Each structure stands twice: as structure tokens, then as C-alpha cells.
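Undergrad: Got run17.cif for you, mmCIF, C-alpha atoms and all ligand atoms:
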data_target
loop_
_atom_site.label_atom_id
_atom_site.label_comp_id
_atom_site.auth_asym_id
_atom_site.auth_seq_id
_atom_site.Cartn_x
_atom_site.Cartn_y
_atom_site.Cartn_z
CA ARG A 1 -48.73 15.79 0.42
CA ALA A 2 -45.57 16.44 -1.54
CA LYS A 3 -44.40 18.63 1.31
CA SER A 4 -44.86 15.98 3.97
CA VAL A 5 -43.05 13.40 1.85
CA GLY A 6 -40.25 15.92 1.48
CA ARG A 7 -40.14 16.45 5.23
CA ASP A 8 -40.05 12.72 5.90
CA ARG A 9 -37.16 12.42 3.53
CA VAL A 10 -35.28 15.18 5.28
CA GLU A 11 -35.86 13.43 8.59
CA VAL A 12 -34.73 10.07 7.27
CA PHE A 13 -31.73 11.75 5.70
CA SER A 14 -30.70 13.55 8.89
CA GLU A 15 -31.14 10.33 10.87
CA LEU A 16 -28.80 8.66 8.41
CA ILE A 17 -26.22 11.37 8.90
CA GLN A 18 -26.63 11.12 12.67
CA THR A 19 -25.96 7.40 12.48
CA GLN A 20 -22.94 7.96 10.29
CA ILE A 21 -21.52 10.53 12.67
CA LEU A 22 -22.08 8.19 15.61
CA ASN A 23 -20.48 5.33 13.70
CA ALA A 24 -17.46 7.41 12.78
CA LYS A 25 -17.08 8.51 16.38
CA ARG A 26 -17.31 4.93 17.61
CA ILE A 27 -14.81 3.70 15.02
CA GLY A 28 -12.55 6.58 16.04
CA ASP A 29 -12.65 5.57 19.71
CA ASP A 30 -12.12 1.93 18.72
CA ILE A 31 -9.08 2.84 16.62
CA ARG A 32 -7.43 4.68 19.48
CA GLN A 33 -7.98 1.68 21.72
CA ALA A 34 -6.80 -0.69 18.98
CA ILE A 35 -3.49 1.15 18.69
CA GLU A 36 -2.95 0.89 22.44
CA GLU A 37 -3.88 -2.78 22.52
CA GLY A 38 -1.81 -3.73 19.49
CA GLN A 39 -4.72 -4.84 17.31
CA PHE A 40 -3.09 -3.57 14.14
CA THR A 41 -1.21 -6.15 12.19
CA VAL A 42 0.50 -6.41 8.83
CA TYR A 43 -0.26 -8.57 5.80
CA TYR A 44 2.29 -9.06 3.08
CA GLN A 45 1.77 -9.26 -0.65
CA PRO A 46 4.78 -10.65 -2.49
CA GLN A 47 6.07 -8.99 -5.66
CA PHE A 48 7.91 -10.85 -8.40
CA HIS A 49 10.48 -10.21 -11.11
CA ALA A 50 8.41 -10.24 -14.27
CA ARG A 51 10.58 -12.72 -16.16
CA SER A 52 11.80 -15.19 -13.57
CA LEU A 53 8.87 -14.89 -11.13
CA GLU A 54 11.46 -14.89 -8.36
CA ILE A 55 10.29 -12.89 -5.35
CA SER A 56 11.61 -9.33 -5.48
CA GLY A 57 10.08 -8.03 -2.28
CA VAL A 58 6.86 -7.69 -0.32
CA GLU A 59 4.43 -4.85 0.22
CA ALA A 60 3.31 -4.40 3.82
CA LEU A 61 -0.43 -3.76 4.06
CA VAL A 62 -2.00 -2.79 7.36
CA ARG A 63 -4.89 -4.82 8.77
CA TRP A 64 -6.98 -4.29 11.87
CA ASN A 65 -7.51 -7.51 13.74
CA HIS A 66 -10.79 -6.39 15.27
CA PRO A 67 -11.92 -8.34 18.34
CA GLU A 68 -15.49 -8.72 17.04
CA ARG A 69 -15.32 -8.07 13.32
CA GLY A 70 -12.19 -10.03 12.44
CA ILE A 71 -9.55 -8.87 9.96
CA LEU A 72 -10.46 -5.45 8.53
CA THR A 73 -8.84 -3.92 5.44
CA PRO A 74 -7.86 -0.23 5.26
CA PHE A 75 -11.11 0.55 3.45
CA HIS A 76 -12.92 0.15 6.79
CA PHE A 77 -10.79 2.45 8.90
CA LEU A 78 -8.14 4.48 7.07
CA LYS A 79 -10.37 7.47 6.35
CA VAL A 80 -11.54 7.76 9.95
CA ALA A 81 -7.95 7.24 11.12
CA GLU A 82 -6.92 10.20 9.00
CA GLU A 83 -9.75 12.36 10.35
CA ILE A 84 -8.77 11.72 13.95
CA ASN A 85 -5.07 12.21 13.18
CA VAL A 86 -3.84 8.74 14.05
CA LEU A 87 -2.37 7.87 10.64
CA PRO A 88 1.14 8.74 11.83
CA ALA A 89 0.78 6.34 14.76
CA ILE A 90 -0.48 3.56 12.49
CA ASP A 91 2.21 4.07 9.84
CA ARG A 92 4.88 4.12 12.52
CA LYS A 93 3.61 0.82 13.91
CA VAL A 94 3.54 -0.78 10.46
CA VAL A 95 7.20 0.06 9.81
CA GLU A 96 8.11 -1.33 13.23
CA LEU A 97 6.20 -4.60 12.69
CA ALA A 98 7.37 -5.04 9.10
CA TYR A 99 11.01 -4.51 9.99
CA ARG A 100 10.74 -6.91 12.92
CA ASP A 101 9.29 -9.58 10.61
CA PHE A 102 11.91 -8.83 7.96
CA GLN A 103 14.69 -9.39 10.50
CA SER A 104 13.30 -12.76 11.45
CA TRP A 105 13.03 -13.76 7.76
CA GLN A 106 16.65 -12.78 7.25
CA LYS A 107 17.73 -14.79 10.26
CA GLU A 108 15.98 -17.82 8.85
CA GLY A 109 17.29 -17.16 5.32
CA LEU A 110 13.82 -17.01 3.82
CA GLY A 111 14.97 -14.79 0.97
CA VAL A 112 12.76 -11.73 1.07
CA PRO A 113 15.00 -9.07 -0.51
CA LYS A 114 13.09 -5.97 0.59
CA ILE A 115 9.93 -4.49 2.08
CA SER A 116 7.77 -1.63 0.84
CA VAL A 117 5.58 0.27 3.27
CA ASN A 118 2.81 2.72 2.42
CA MET A 119 3.51 6.11 3.92
CA SER A 120 0.72 8.63 4.49
CA SER A 121 1.11 12.32 3.94
CA PRO A 122 0.81 13.21 7.66
CA ARG A 123 3.43 10.64 8.65
CA LEU A 124 5.79 11.86 5.94
CA ARG A 125 5.42 15.33 7.41
CA ASP A 126 5.72 14.12 11.00
CA PRO A 127 8.75 15.86 12.57
CA GLY A 128 9.60 12.65 14.44
CA LEU A 129 9.82 10.45 11.35
CA ILE A 130 13.53 10.67 10.57
CA ALA A 131 14.62 10.31 14.20
CA ASP A 132 12.42 7.21 14.62
CA LEU A 133 13.95 5.65 11.52
CA ARG A 134 17.50 6.42 12.66
CA ASP A 135 16.76 4.79 16.01
CA MET A 136 15.67 1.62 14.23
CA ARG A 137 19.05 1.28 12.49
CA ILE A 138 17.57 -0.23 9.38
CA PRO A 139 20.34 -1.17 6.95
CA PRO A 140 20.25 0.79 3.69
CA GLY A 141 18.57 -0.72 0.65
CA ILE A 142 15.94 -2.92 2.25
CA LEU A 143 13.11 -0.52 3.04
CA SER A 144 11.14 1.63 0.67
CA PHE A 145 8.24 4.01 1.15
CA GLU A 146 5.30 4.01 -1.22
CA LEU A 147 3.96 7.52 -1.67
CA LEU A 148 0.74 8.48 -3.41
CA GLU A 149 0.81 11.18 -6.05
CA SER A 150 -1.71 13.11 -3.96
CA ILE A 151 0.92 13.65 -1.25
CA PHE A 152 2.60 16.11 -3.56
CA LEU A 153 -0.61 17.90 -4.37
CA ASP A 154 -1.57 18.97 -0.88
CA ASP A 155 1.89 20.22 -0.10
CA PRO A 156 4.35 21.84 -2.41
CA GLU A 157 7.14 19.39 -2.97
CA ASP A 158 9.83 21.63 -1.45
CA GLU A 159 8.07 21.32 1.93
CA ILE A 160 9.00 17.67 2.06
CA ALA A 161 12.22 17.93 0.05
CA GLY A 162 14.29 17.83 3.25
CA THR A 163 12.56 14.67 4.42
CA ILE A 164 12.97 12.99 1.04
CA SER A 165 16.69 13.69 1.02
CA ALA A 166 17.06 12.50 4.64
CA LEU A 167 15.36 9.26 3.61
CA GLY A 168 17.85 8.97 0.77
CA ASP A 169 20.70 9.35 3.27
CA LEU A 170 19.23 6.50 5.32
CA GLY A 171 19.06 4.29 2.23
CA ILE A 172 15.27 4.27 2.18
CA GLU A 173 13.90 4.27 -1.34
CA ILE A 174 10.87 6.09 -2.70
CA GLU A 175 8.18 4.48 -4.85
CA ILE A 176 5.36 6.36 -6.51
CA ASP A 177 2.21 4.38 -5.74
CA ASP A 178 -0.89 4.31 -7.96
CA PHE A 179 1.07 6.05 -10.71
CA GLY A 180 -0.98 7.47 -13.55
CA THR A 181 -4.21 8.15 -11.73
CA GLY A 182 -3.32 11.18 -9.61
CA HIS A 183 -2.96 14.70 -10.85
CA ALA A 184 0.50 15.57 -9.66
CA SER A 185 2.96 17.00 -12.15
CA ILE A 186 5.12 14.32 -13.66
CA ILE A 187 8.20 16.54 -13.42
CA GLY A 188 7.60 17.03 -9.70
CA LEU A 189 7.29 13.30 -9.17
CA LEU A 190 10.38 12.44 -11.15
CA ASN A 191 12.38 15.05 -9.24
CA LEU A 192 11.97 12.86 -6.18
CA ASN A 193 14.27 10.31 -7.80
CA PRO A 194 11.96 7.41 -7.11
CA ALA A 195 13.42 3.93 -7.35
CA ARG A 196 10.13 2.58 -8.69
CA LEU A 197 6.89 3.63 -10.32
CA LYS A 198 3.89 1.47 -9.52
CA ILE A 199 1.40 1.55 -12.39
CA ASP A 200 -2.07 1.75 -10.91
CA ARG A 201 -4.37 -1.18 -11.46
CA ALA A 202 -6.84 1.18 -13.15
CA LEU A 203 -4.37 1.22 -16.06
CA VAL A 204 -3.36 -2.43 -15.84
CA GLY A 205 -6.90 -3.86 -15.92
CA PRO A 206 -8.02 -2.27 -19.22
CA MET A 207 -4.66 -2.97 -20.87
CA THR A 208 -5.89 -6.16 -22.48
CA GLU A 209 -8.95 -4.39 -23.94
CA GLY A 210 -7.26 -2.39 -26.66
CA ALA A 211 -4.09 -1.24 -28.32
CA LYS A 212 -4.42 2.29 -26.91
CA GLN A 213 -4.51 1.12 -23.31
CA ALA A 214 -1.53 -1.13 -23.85
CA LYS A 215 0.43 1.68 -25.48
CA LEU A 216 -0.19 3.87 -22.46
CA VAL A 217 1.35 1.26 -20.21
CA ARG A 218 4.29 0.86 -22.58
CA ALA A 219 4.80 4.66 -22.53
CA ILE A 220 5.00 4.63 -18.73
CA VAL A 221 7.48 1.76 -18.81
CA ASP A 222 9.58 3.69 -21.32
CA ILE A 223 9.54 6.87 -19.24
CA GLY A 224 10.62 4.88 -16.21
CA HIS A 225 13.42 3.05 -17.97
CA SER A 226 14.78 6.11 -19.70
CA LEU A 227 15.25 7.62 -16.22
CA ASN A 228 16.56 4.45 -14.59
CA ILE A 229 13.37 3.92 -12.63
CA ALA A 230 12.03 0.39 -12.30
CA VAL A 231 8.37 -0.15 -13.12
CA VAL A 232 5.94 -2.28 -11.12
CA GLY A 233 2.58 -3.43 -12.46
CA GLU A 234 -0.13 -3.47 -9.78
CA GLY A 235 -3.43 -5.32 -9.81
CA VAL A 236 -2.19 -8.21 -11.95
CA GLU A 237 -5.38 -10.24 -11.75
CA THR A 238 -4.88 -12.59 -14.69
CA TRP A 239 -1.97 -14.35 -16.36
CA GLU A 240 -2.85 -12.44 -19.49
CA HIS A 241 -2.05 -9.22 -17.60
CA ALA A 242 1.17 -10.77 -16.36
CA ALA A 243 2.35 -11.86 -19.81
CA MET A 244 1.47 -8.54 -21.34
CA LEU A 245 3.22 -6.49 -18.66
CA ARG A 246 6.27 -8.68 -18.96
CA ASP A 247 6.31 -8.27 -22.75
CA LEU A 248 5.89 -4.49 -22.42
CA GLY A 249 9.07 -4.47 -20.33
CA CYS A 250 7.55 -4.05 -16.87
CA ASP A 251 10.09 -5.15 -14.25
CA VAL A 252 8.00 -6.32 -11.31
CA LEU A 253 4.51 -7.82 -11.01
CA GLN A 254 2.11 -7.68 -8.08
CA GLY A 255 -1.45 -8.93 -7.96
CA TYR A 256 -3.97 -11.60 -7.10
CA ALA A 257 -2.96 -13.81 -10.05
CA LEU A 258 0.47 -14.30 -8.46
CA ALA A 259 -0.26 -13.98 -4.75
CA ARG A 260 -2.83 -12.31 -2.53
CA PRO A 261 -1.86 -10.40 0.59
CA MET A 262 -1.31 -12.92 3.40
CA ASP A 263 -0.33 -12.94 7.04
CA ARG A 264 3.23 -13.45 8.17
CA LEU A 265 2.73 -17.10 9.03
CA GLU A 266 1.34 -18.01 5.65
CA LEU A 267 4.15 -16.19 3.86
CA GLU A 268 6.72 -17.99 5.97
CA GLN A 269 5.12 -21.38 5.32
CA ARG A 270 5.17 -20.78 1.59
CA LEU A 271 8.77 -19.61 1.57
CA ARG A 272 9.90 -22.56 3.68
CA ARG A 273 8.51 -24.99 1.17
CA GLY A 274 10.21 -23.12 -1.66
CA TRP A 275 7.00 -21.83 -3.18
CA LYS A 276 7.01 -19.49 -6.12
CA PRO A 277 4.26 -18.83 -8.65
CA VAL A 278 4.21 -20.88 -11.82
CA PHE A 279 3.31 -19.04 -14.99
CA GLY A 280 -0.35 -19.68 -15.68
CA GLY A 281 -0.83 -21.56 -12.43
CA PRO A 282 -3.02 -20.89 -9.40
CA ASP A 283 -1.73 -18.46 -6.75
CA LYS A 284 -0.86 -21.22 -4.22
P1 LIG A 301 -2.11 0.24 -2.39
O1 LIG A 301 -0.90 0.70 -1.68
O2 LIG A 301 -2.26 0.62 -3.81
O3 LIG A 301 -2.12 -1.33 -2.19
C1 LIG A 301 -2.64 -2.24 -3.11
C2 LIG A 301 -4.05 -2.66 -2.75
O4 LIG A 301 -4.59 -3.43 -3.81
C3 LIG A 301 -4.14 -3.54 -1.51
O5 LIG A 301 -5.40 -3.31 -0.88
C4 LIG A 301 -4.11 -4.92 -2.11
O6 LIG A 301 -4.70 -5.91 -1.28
C5 LIG A 301 -4.93 -4.72 -3.35
N1 LIG A 301 -4.58 -5.65 -4.42
C6 LIG A 301 -3.45 -6.36 -4.60
N2 LIG A 301 -3.49 -7.10 -5.72
C7 LIG A 301 -4.70 -6.84 -6.28
C8 LIG A 301 -5.36 -7.32 -7.48
O7 LIG A 301 -4.84 -8.11 -8.26
N3 LIG A 301 -6.60 -6.82 -7.71
C9 LIG A 301 -7.22 -5.94 -6.88
N4 LIG A 301 -8.45 -5.52 -7.18
N5 LIG A 301 -6.63 -5.47 -5.75
C10 LIG A 301 -5.39 -5.93 -5.47
P2 LIG A 301 -5.53 -3.04 0.69
O8 LIG A 301 -4.59 -3.90 1.46
O9 LIG A 301 -6.97 -3.10 1.02
O10 LIG A 301 -5.01 -1.54 0.84
C11 LIG A 301 -5.69 -0.49 0.25
C12 LIG A 301 -4.89 0.79 0.33
O11 LIG A 301 -4.76 1.21 1.69
C13 LIG A 301 -3.46 0.67 -0.19
O12 LIG A 301 -3.45 0.74 -1.61
C14 LIG A 301 -2.81 1.84 0.49
O13 LIG A 301 -3.06 3.04 -0.22
C15 LIG A 301 -3.54 1.89 1.81
N6 LIG A 301 -2.71 1.25 2.86
C16 LIG A 301 -2.49 -0.07 3.08
N7 LIG A 301 -1.67 -0.25 4.14
C17 LIG A 301 -1.34 0.98 4.60
C18 LIG A 301 -0.50 1.45 5.67
O14 LIG A 301 0.14 0.71 6.43
N8 LIG A 301 -0.42 2.81 5.83
C19 LIG A 301 -1.10 3.67 5.01
N9 LIG A 301 -0.97 5.00 5.25
N10 LIG A 301 -1.87 3.26 4.00
C20 LIG A 301 -1.99 1.93 3.78
MG MG A 302 1.01 0.65 -1.96
MG MG A 303 -1.08 1.05 -5.31
MG MG A 304 -4.18 2.27 -3.98
#
Kindly present the structure from the file in C-alpha cells form.
Ligand code: C2E
Ligand code: MG
Ligand code: MG
Ligand code: MG

TA:
Amino acid sequence: RAKSVGRDRVEVFSELIQTQILNAKRIGDDIRQAIEEGQFTVYYQPQFHARSLEISGVEALVRWNHPERGILTPFHFLKVAEEINVLPAIDRKVVELAYRDFQSWQKEGLGVPKISVNMSSPRLRDPGLIADLRDMRIPPGILSFELLESIFLDDPEDEIAGTISALGDLGIEIEIDDFGTGHASIIGLLNLNPARLKIDRALVGPMTEGAKQAKLVRAIVDIGHSLNIAVVGEGVETWEHAAMLRDLGCDVLQGYALARPMDRLELEQRLRRGWKPVFGGPDK
């Protein structure tokens, strides 16, 4: 009896895997088609100077406007996209869309100082990257690339050193995303001369729970400032987080308490009516 139960389980299990493989394959085919048909779009989450709550920039976050399933977040497709090697195509598109939007904001004087775009490891290592960026003639100082610590784990940093310095020549800044949760060497990361460290929300959330957690955040802020690197707090979900980060010396705040990611039209509407968050207020 035990044996037959075991066999049933194996069958159910292998069916499950079959379904997962089929799903992944279908999502993969859908992604390829979505790229061709321009179904990828960009949401923007504003970031704010911690003291004034003036907008300091926006982070571009890719979304898939799926014909049947609606707006999908990266959780639903980024892993498959990586497996089928289309991350470079997606990241390229996001820069193109974000810069196009940025130009129209500038024309209208909407006051978005800069845009940050998440850059995957394969796109960073794409031989076409620098040429594409040159062709776009993006003025220096308005675009920055957010890189995950893990990028520097799966390739020794000297492999991408040339790319990093070419980005510097183009006036594109580097930010270390999700700082404090990866396993990359801190010396290696700091050698990249990042303009900003983004403290991961896994460190920001627990900050209000105890003195130790808060001290850790302060230590990161101090490391950043002693090296002339600005520090961004991510995942600011409450005004308590915001006040604490500000008091610990964090420069920039980003999170649901201040503003959620939103589409271009919503961002533009808010900026046109002179919106900015009010300390302790709702995110609208
Ligand atoms: P990330 O770069 O760390 O981006 C921040 C994520 O946290 C976003 O999720 C954002 O919506 C979410 N978030 C913002 N504020 C809060 C908050 O207060 N609380 C919580 N719990 N979450 C908050 P999203 O848009 O789903 O993106 C997830 C990840 O996907 C990003 O994490 C980034 O690693 C990746 N990603 C997003 N867009 C792109 C892209 O264009 N290219 C690549 N290669 N990766 C991207
Ligand atoms: Mg990011
Ligand atoms: Mg992050
Ligand atoms: Mg993240």
C-alpha cells in the first residue's frame, strides 16, 4: 500500500513538473512575441530627497502589458526571460522607453531630474551595450544603471571593468541595488565608484524593531558618506521608516509610503498638478 501511494505521488509530482515545463515554454514563446509587439512598458516610482521630499529622480520598472492577463510585474516573467536569453532585449527596450519619456518630461518642464534603470548581468555584458547608448546621445548625468551585487559574483569584476569605465565616460552613473543582502565583496563594489547605494528593503523594514537593526543602517549610511556615495533607502513602507532613515542621514527615500510605481500618464498628471508627498500623509 505504501508503495502504491509512493508511486502515485511520483506520478503527481512528474505531472506537476510537466505542467511547469509547458508553462515556462509557453511564457517563453509569449515573451518573444511580446517583445516584437511592443507589449513591454515602463512604470516609474519616484524617489525623494529625504529632508525636503522634493523629487530626486524616478526608477524605471518594467511591466508586461499582457493582452489577457493585464499588467504583469517582473516576478511573473523575469526568470523565464533570463532562461531564454531575452533579458538584454528587454533591458534595451526599457532604456529606450524611459529616455523617450524623460525627454518629453523635460520638454514640458515637469522637473524629473534623472532616471534609474535596472540593468541585468547579461545586458551589462552585451557587446552592443555601449554602442547602443552612444547612438542614443543621452546627455551626461541624467541616466543611471542599478546593478545587483550578484552581477559581480558571477563574473570577476575586471571582466566588466571596461564597460563600467565606458559608462563613466558617457556620464551614466552606477548604483548598487539591494545593497546589504548579496554576498559580493564590499571592496569590489566600492571600487566601481557607485554614485549611490540602495539599502535593500530587507534591512529597512526591520530597522524600527530594534537598536541593532537601526545601527546597521546607520553604518551603511556612514560608509557611503565617507566615500562620497549617496545612500537611498528602499522599501519605505511607513512614515516611521521615512523619519528614521532621514534622521540616520539617508539621502533619498523610495517606497510605497511616498509613492507606488505608476504609469507614465499618472506620473505626468501628478507632476502637472504640483504634487509632492506630505510628511505623514497618504501617497496621493
Ligand atoms: P528592485 O530594482 O529592487 O526594485 C524595487 C522593487 O520593489 C519594485 O518591484 C518595486 O515595485 C518594489 N517596491 C517599491 N517600493 C516598495 C515598498 O515600499 N515595499 C515593497 N514591498 N516593495 C516596494 P518590481 O517592480 O516588481 O520589480 C522587482 C525587481 O525586478 C526589481 O527590484 C528589479 O530587480 C527587477 N526589475 C524591474 N525592472 C527591471 C528591468 O527593466 N530590467 C531588469 N533587468 N530588471 C528589472
Ligand atoms: Mg532597482
Ligand atoms: Mg532594489
Ligand atoms: Mg530587488

Undergrad: Could you please extract the residues within 10 Å of ligand MG 304 (chain A), counting all atoms listed in the file, and hand them back as a ChimeraX atom specification?

TA: /A:118,147-148,177-179,181,198,200-202,234-235

Undergrad: Excluding A:Leu153 and any residue of its chain fewer than 3 positions from it, enumerate the residues within 12 Å of it, using all atoms listed in the file, and give them as a count of residues only.

TA: 17

Undergrad: Provide the atom CA of A:Ile199 to atom CA of A:Val232 distance in Å, to one decimal place.

TA: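 So the two atoms, atom CA of A:Ile199 and atom CA of A:Val232, lie 6.1 Å apart.
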
Undergrad: Which is closer to A:Pro113 than all the others in A:Phe145, A:Val58, A:Val86, A:Phe77, using all atoms listed in the file?

TA: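 Using all atoms listed in the file, A:Pro113 sits closest to A:Val58.
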
Undergrad: Report, in Å to a single decimal, how far apart atom CA of A:Pro127 and atom CA of A:Leu170 are.

TA: 15.8 Å

Undergrad: Could you tell me how far atom CA of A:Ala50 sits from atom CA of A:Glu96, in Å to one decimal place?

TA: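 Interatomic distance, atom CA of A:Glu96 to atom CA of A:Ala50: 28.9 Å.
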
Undergrad: Can you pull out the residues contacting A:Arg69? Cut-off 12 Å, using all atoms listed in the file, and skip same-chain residues under 4 positions away; I want them as number ranges by chain.

TA: A: 27, 30, 39, 63-65, 73, 76

Undergrad: Taking only C-alpha atoms and all ligand atoms into account, report as number ranges by chain which residues have an atom no farther than 9 Å from an atom of ligand LIG 301 (chain A).

TA: A: 42-45, 59-63, 72-76, 78, 82, 87-88, 90-95, 117-123, 146-148, 177-178, 198, 200-201, 205, 234-238, 254-261
